[in-house]
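Presented below is the structure to which this report refers.
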Amino acid sequence: TISGREIRTGANLVPPSDFVLIELGDKTSRSIGLEEKSDLSSGAARFLSFEGDRVFTLTINERGYEWGSATISTAEIRRYASIPEDHDLFLDNDADKPIEADGEVNLARKGAERIVSKPKEKVKICL
């Protein structure tokens with residue numbers, strides 16, 4: 001096991017306290033504090049780092065995630081949660097309007113932002 005401080009220092013994120021470290025799991029994530037331990041024995045550990053000291057929470061299809069920036073792009077949401085391109089993304093509080101393909105979501109609002117994906121509607125044209 002290795003501490004969050006050691007991971008940051010090893011990645012040249014100095015000083016370590018100036019960076020948020022997010023450990024990516026299988027369709028989930030968690031922030032790693034400076035003294036928290038992470039098990040690297042599987043060799044498959046993946047991390048994201050963000051300059052700053054704040055962690056933002058969101059849910060994507062009812063799974064909890066943490067992010068180190070006040071905004072997250074649609075592309076990052078798709079990559080982060082393995083959402084296929086044939087699904088639209090929606091904010092739970094605005095379920096009628098898809099998030100733009102090149103858009104982003106503001107995570108700085110109070111509480112966790114809730115995002116859901118749904119298969120894109122197929123339009124049938126009859127001639």
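Lettering and numbering for the structure tokens are positional, with chains as A, B, ... in the shown order, residues counted from 1 in each chain, and ligands counted from 1 in the shown order.
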Compile a residue-level contact table for range 69-99 of chain A against range 43-55 of chain A at a cut-off of 12 Å, reporting for every qualifying residue the shortest atom pair and its distance in Å to one decimal, with only C-alpha atoms counted, rows ordered by chain and ascending number, as a tab-separated table.
residue	atom	partner	partner_atom	distance
A:Ser69	CA	A:Phe50	CA	6.9
A:Ala70	CA	A:Val55	CA	8.5
A:Thr71	CA	A:Val55	CA	11.2
A:Glu76	CA	A:Leu48	CA	11.7
A:Tyr80	CA	A:Leu48	CA	10.7
Apply DSSP to the structure's backbone, then extract all residues of range 18-97 of chain A labelled strand (DSSP E or B) and return them as number ranges by chain. A: 19-25, 28-31, 37-38, 46-51, 56-60, 63-67, 71-73, 87-91
Take the residues from that selection and put them in a file with C-alpha atoms, as a PDB file, in the first residue's frame.
ATOM      1  CA  PHE A  19      -3.705  18.631  -5.555  1.00  0.00           C
ATOM      2  CA  VAL A  20      -6.830  16.491  -5.360  1.00  0.00           C
ATOM      3  CA  LEU A  21      -6.242  12.835  -6.228  1.00  0.00           C
ATOM      4  CA  ILE A  22      -9.130  10.720  -7.533  1.00  0.00           C
ATOM      5  CA  GLU A  23      -8.791   6.929  -7.721  1.00  0.00           C
ATOM      6  CA  LEU A  24     -10.846   5.422 -10.541  1.00  0.00           C
ATOM      7  CA  GLY A  25     -12.675   2.169  -9.911  1.00  0.00           C
ATOM      8  CA  THR A  28     -16.982   4.570  -9.504  1.00  0.00           C
ATOM      9  CA  SER A  29     -14.320   6.807  -8.009  1.00  0.00           C
ATOM     10  CA  ARG A  30     -13.095   8.185  -4.704  1.00  0.00           C
ATOM     11  CA  SER A  31     -10.810  10.925  -3.529  1.00  0.00           C
ATOM     12  CA  LYS A  37      -3.638   4.390   1.717  1.00  0.00           C
ATOM     13  CA  SER A  38      -4.277   2.902  -1.696  1.00  0.00           C
ATOM     14  CA  ARG A  46      -5.725   4.506 -12.154  1.00  0.00           C
ATOM     15  CA  PHE A  47      -5.766   8.042 -10.850  1.00  0.00           C
ATOM     16  CA  LEU A  48      -6.742  11.530 -11.963  1.00  0.00           C
ATOM     17  CA  SER A  49      -5.243  14.620 -10.378  1.00  0.00           C
ATOM     18  CA  PHE A  50      -6.580  18.152 -10.208  1.00  0.00           C
ATOM     19  CA  GLU A  51      -4.894  21.267  -8.931  1.00  0.00           C
ATOM     20  CA  PHE A  56     -17.184  17.670  -6.218  1.00  0.00           C
ATOM     21  CA  THR A  57     -19.698  14.832  -6.077  1.00  0.00           C
ATOM     22  CA  LEU A  58     -22.032  13.590  -8.767  1.00  0.00           C
ATOM     23  CA  THR A  59     -24.065  10.529  -9.591  1.00  0.00           C
ATOM     24  CA  ILE A  60     -24.251   9.003 -13.032  1.00  0.00           C
ATOM     25  CA  ARG A  63     -23.501   5.421  -9.137  1.00  0.00           C
ATOM     26  CA  GLY A  64     -21.489   7.835  -7.017  1.00  0.00           C
ATOM     27  CA  TYR A  65     -18.432   9.633  -8.396  1.00  0.00           C
ATOM     28  CA  GLU A  66     -16.035  12.299  -7.208  1.00  0.00           C
ATOM     29  CA  TRP A  67     -14.376  14.885  -9.453  1.00  0.00           C
ATOM     30  CA  THR A  71     -17.161  21.461 -14.284  1.00  0.00           C
ATOM     31  CA  ILE A  72     -17.141  18.156 -16.131  1.00  0.00           C
ATOM     32  CA  SER A  73     -17.550  17.817 -19.900  1.00  0.00           C
ATOM     33  CA  HIS A  87     -27.235   7.255 -25.237  1.00  0.00           C
ATOM     34  CA  ASP A  88     -28.193  10.834 -24.406  1.00  0.00           C
ATOM     35  CA  LEU A  89     -27.194  12.377 -21.074  1.00  0.00           C
ATOM     36  CA  PHE A  90     -29.670  14.337 -18.963  1.00  0.00           C
ATOM     37  CA  LEU A  91     -29.535  16.290 -15.732  1.00  0.00           C
TER      38      LEU A  91
END
Of the listed residues A:Lys122, A:Ile32, A:Thr74, A:Val116, that which approaches Asn93 in chain A most closely, counting only C-alpha atoms: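 Checking each candidate against Asn93 in chain A, we get A:Val116 as the closest.
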So which bits of chain A end up alpha helix (DSSP H) when you DSSP the backbone, as a VMD selection string? chain A and resid 4 to 10 74 to 81
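CA of Gly4 in chain A sits 19.5 Å away from CA of Asp26 in chain A.
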One decimal, in Å: what's the spacing between CA of Gly10 in chain A and CA of Ser41 in chain A?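 Separation of CA of Gly10 in chain A and CA of Ser41 in chain A: 16.3 Å.
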d(CA of Ile2 in chain A, CA of Pro15 in chain A) in Å: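 CA of Pro15 in chain A lies 17.0 Å from CA of Ile2 in chain A.
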Ranking A:Leu34, A:Glu62, A:Thr1, A:Gly68 by minimum distance to Leu107 in chain A and counting only C-alpha atoms, which one comes first? A:Gly68
Which residue of A:Arg109, A:Arg8, A:Lys27, A:Arg114 approaches Ala81 in chain A most closely, using only C-alpha atoms: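 That would be A:Lys27, the residue with the smallest distance to Ala81 in chain A.
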Residue with smallest distance to Pro84 in chain A - pool A:Ala112, A:Pro119, A:Glu104, A:Ile99, counting only C-alpha atoms: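 Among the listed residues, the smallest separation from Pro84 in chain A belongs to A:Pro119.
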